[in-house]
Every structure is written in structure tokens, then in C-alpha cells.
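A short worksheet on the structure shown next.
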Amino acid sequence: MKGLKLKNNKQQNNKGLTIIIFLTLGLLLPVKTGAIDFNPLAQKQNPTEIEAKRFFQQGNLEYQNRQFEAAIASFQQALQLYRQSNNLKKELVALGQIGASYQGLKNYSTAINYFQQALTIAEAINHSEYQALSQGFMGYNEEKLGNYARAIPKGSAKSAPLTNNLYLSGRK
């Protein structure tokens, strides 16, 4: 019986080792089920998107270094490529970054134009976060131009009493 137990222990150890090997290999080998490929390395990225991302990242670095003209040029390149690849969400983000760069240059009218374009796309794809951001930045730039009546986004006057009450009560 001892020999049998020993044999069973060896078999159990081998099974455990086999399972570990398969788990390890499973992480390294592509796994296909149906039409979905779970190997992230096998998924090909769109070359246009890769180039757009490079321009976008370059623009972010230039923006952070307050090189707004250079940032605008980089974001414009990214914007063109995102438009070519029909990526509306990235297009609206690029438009927002161009607007922010013009805002950094204190060119508020041009900034408003880009934030308006971003808002139009945000509304089209029903992205409420970017709608709010675009409206907020447009309002800020309108205020900088002294256009106080246009600084309040459409529909926000309805929520102004609620906002005022929150601030008066000490909640933010």
C-alpha cells in the first residue's frame, strides 16, 4: 500500500505541475474563442491612431511646458488624424486641448470656437462629462472677454438657485 500511496502522490504532484505549466503557458500563448482574440499582443493598432496618440502626447508635454503655440500645432496634427480614423471621442478631446492652448495664450475668442466644436461632438455622442467641461470652459472664456451674459451655459440658470443654496449651506 505504501508503494501505491507513493505512486498516487507522484501522480498528484505531476498533475499539479501540469496545471501550473498550462496556466503559465496560457498567459503567454494567444487564446482564441469564437471571433474574439484575447491575446493583447495580437490586436493590431491602427497606424493612424498610433501617430495621432504620439502627436497628442507631444502636445500635452508642450502644453505643460507652456509652449502653447507648439502644443496647438501638435494637437492640430492629432485632430486631423483622429478625424481620418473617425474617432469622435478623441476628436473632441483634441478640440478641447486646442481650446485650452488658445486659452493659455489668452486668445479667448478662438478658445471658445474650439470648445464649441467639442461641445457639438459631445452632444452628438451624448457624453455628458465633456458637455459640462466644454460649457464650463466656454463660460470661463466668455467671462474673460467680458461677455457675462454668455458666460452662463444654456439651461444652467435653472440650477443656479440650487447651486447658490449649496454654497450658502457650506456644502460644495
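Residues in the C-alpha cells are named by chain (A, B, ... in the order shown) and by number from 1 within that chain; ligands are numbered from 1 in the order shown.
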Can you check which parts of stretch 123-146 of chain A lie within 12 Å of stretch 94-102 of chain A? Per residue, the shortest pair of atoms and distance in Å to one decimal, counting only C-alpha atoms, sorted by chain and number, as CSV.
residue,atom,partner,partner_atom,distance
A:Tyr130,CA,A:Gly96,CA,9.0
A:Gln131,CA,A:Gly96,CA,10.8
A:Ala132,CA,A:Gly96,CA,11.9
A:Leu133,CA,A:Gly96,CA,8.8
A:Ser134,CA,A:Gly96,CA,7.2
A:Gln135,CA,A:Gly96,CA,10.8
A:Gly136,CA,A:Gly96,CA,11.4
A:Phe137,CA,A:Ala100,CA,8.2
A:Met138,CA,A:Gly99,CA,9.1
A:Tyr140,CA,A:Ala100,CA,10.9
A:Asn141,CA,A:Gly99,CA,9.8
Kindly export the residues of the current selection with all heavy atoms, as a compact mmCIF listing (two decimals), in the first residue's frame.
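Result went into out-v9.txt, see below:
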# COMPACT_ATOMS: atom_id res chain seq x y z
N TYR A 130 -18.11 65.59 -21.00
CA TYR A 130 -17.46 66.53 -21.91
C TYR A 130 -18.37 67.70 -22.28
O TYR A 130 -17.91 68.78 -22.60
CB TYR A 130 -16.93 65.82 -23.16
CG TYR A 130 -15.65 65.06 -22.87
CD1 TYR A 130 -15.62 63.67 -22.94
CD2 TYR A 130 -14.50 65.73 -22.51
CE1 TYR A 130 -14.45 62.98 -22.66
CE2 TYR A 130 -13.33 65.05 -22.23
CZ TYR A 130 -13.31 63.66 -22.31
OH TYR A 130 -12.16 62.99 -22.03
N GLN A 131 -19.69 67.46 -22.25
CA GLN A 131 -20.62 68.57 -22.45
C GLN A 131 -20.42 69.60 -21.35
O GLN A 131 -20.31 70.80 -21.62
CB GLN A 131 -22.06 68.07 -22.45
CG GLN A 131 -22.44 67.29 -23.68
CD GLN A 131 -23.86 66.74 -23.59
OE1 GLN A 131 -24.73 67.35 -22.99
NE2 GLN A 131 -24.09 65.58 -24.19
N ALA A 132 -20.37 69.13 -20.11
CA ALA A 132 -20.21 70.03 -18.97
C ALA A 132 -18.85 70.74 -19.01
O ALA A 132 -18.76 71.94 -18.76
CB ALA A 132 -20.36 69.26 -17.67
N LEU A 133 -17.81 70.00 -19.31
CA LEU A 133 -16.47 70.60 -19.39
C LEU A 133 -16.42 71.68 -20.47
O LEU A 133 -15.90 72.77 -20.23
CB LEU A 133 -15.41 69.53 -19.67
CG LEU A 133 -15.05 68.63 -18.51
CD1 LEU A 133 -14.18 67.47 -18.99
CD2 LEU A 133 -14.34 69.41 -17.42
N SER A 134 -16.95 71.36 -21.64
CA SER A 134 -16.92 72.32 -22.75
C SER A 134 -17.69 73.58 -22.38
O SER A 134 -17.22 74.70 -22.61
CB SER A 134 -17.51 71.69 -24.02
OG SER A 134 -16.72 70.60 -24.43
N GLN A 135 -18.87 73.40 -21.80
CA GLN A 135 -19.67 74.56 -21.40
C GLN A 135 -18.95 75.38 -20.33
O GLN A 135 -18.96 76.62 -20.37
CB GLN A 135 -21.04 74.12 -20.89
CG GLN A 135 -21.94 73.63 -21.98
CD GLN A 135 -23.27 73.13 -21.45
OE1 GLN A 135 -23.41 72.79 -20.28
NE2 GLN A 135 -24.27 73.09 -22.32
N GLY A 136 -18.33 74.70 -19.40
CA GLY A 136 -17.60 75.41 -18.35
C GLY A 136 -16.45 76.24 -18.89
O GLY A 136 -16.27 77.40 -18.53
N PHE A 137 -15.67 75.64 -19.81
CA PHE A 137 -14.55 76.37 -20.40
C PHE A 137 -15.04 77.51 -21.29
O PHE A 137 -14.43 78.58 -21.32
CB PHE A 137 -13.63 75.44 -21.18
CG PHE A 137 -12.74 74.61 -20.30
CD1 PHE A 137 -12.88 73.24 -20.24
CD2 PHE A 137 -11.76 75.22 -19.53
CE1 PHE A 137 -12.05 72.48 -19.42
CE2 PHE A 137 -10.92 74.47 -18.70
CZ PHE A 137 -11.08 73.10 -18.66
N MET A 138 -16.14 77.27 -22.00
CA MET A 138 -16.69 78.35 -22.82
C MET A 138 -17.12 79.50 -21.92
O MET A 138 -16.85 80.67 -22.22
CB MET A 138 -17.89 77.84 -23.63
CG MET A 138 -17.48 76.95 -24.79
SD MET A 138 -18.86 76.11 -25.59
CE MET A 138 -19.92 77.47 -26.00
N TYR A 140 -15.96 80.30 -18.95
CA TYR A 140 -14.76 80.96 -18.42
C TYR A 140 -14.19 81.94 -19.44
O TYR A 140 -13.85 83.08 -19.10
CB TYR A 140 -13.71 79.90 -18.05
CG TYR A 140 -12.38 80.50 -17.64
CD1 TYR A 140 -12.18 80.95 -16.34
CD2 TYR A 140 -11.34 80.63 -18.55
CE1 TYR A 140 -10.97 81.51 -15.96
CE2 TYR A 140 -10.13 81.18 -18.18
CZ TYR A 140 -9.95 81.63 -16.88
OH TYR A 140 -8.75 82.19 -16.50
N ASN A 141 -14.09 81.50 -20.69
CA ASN A 141 -13.54 82.36 -21.75
C ASN A 141 -14.46 83.53 -22.07
O ASN A 141 -13.98 84.63 -22.34
CB ASN A 141 -13.20 81.53 -22.98
CG ASN A 141 -11.95 80.70 -22.77
OD1 ASN A 141 -10.84 81.21 -22.86
ND2 ASN A 141 -12.12 79.43 -22.45
A:Leu81 surroundings by only C-alpha atoms, 10 Å radius, close-in-sequence under 2 positions cut, as a ChimeraX atom specification | /A:47-53,55,75-79,83-87,90-91
May I ask for the distance between atom CA of A:Ala151 and atom CA of A:Thr120, given in Å to one decimal place?
->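 These two atoms are separated by 17.1 Å.
Atom to atom, atom CA of A:Ala124 and atom CA of A:Ser109 stand 22.9 Å apart.
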Using atom CA of A:Leu145 and atom CA of A:Ile112 as the two end points, give the distance in Å to one decimal.
->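 Between atom CA of A:Leu145 and atom CA of A:Ile112 the gap is 10.3 Å.
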In stretch 60-125 of chain A, DSSP helix (DSSP H, G or I) residues written as a ChimeraX atom specification = /A:60-64,68-84,88-104,108-124
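Among the candidate residues A:Gly139, A:Gln103, A:Arg150, A:Tyr82, the one lying nearest to A:Asn46 is A:Tyr82, with distances computed using only C-alpha atoms.
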Nearest to A:Asn107, chosen from A:Glu142, A:Glu129, A:Glu123, A:Glu62, with only C-alpha atoms counted in the distances =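 Distance minimum relative to A:Asn107 lands on A:Glu142.
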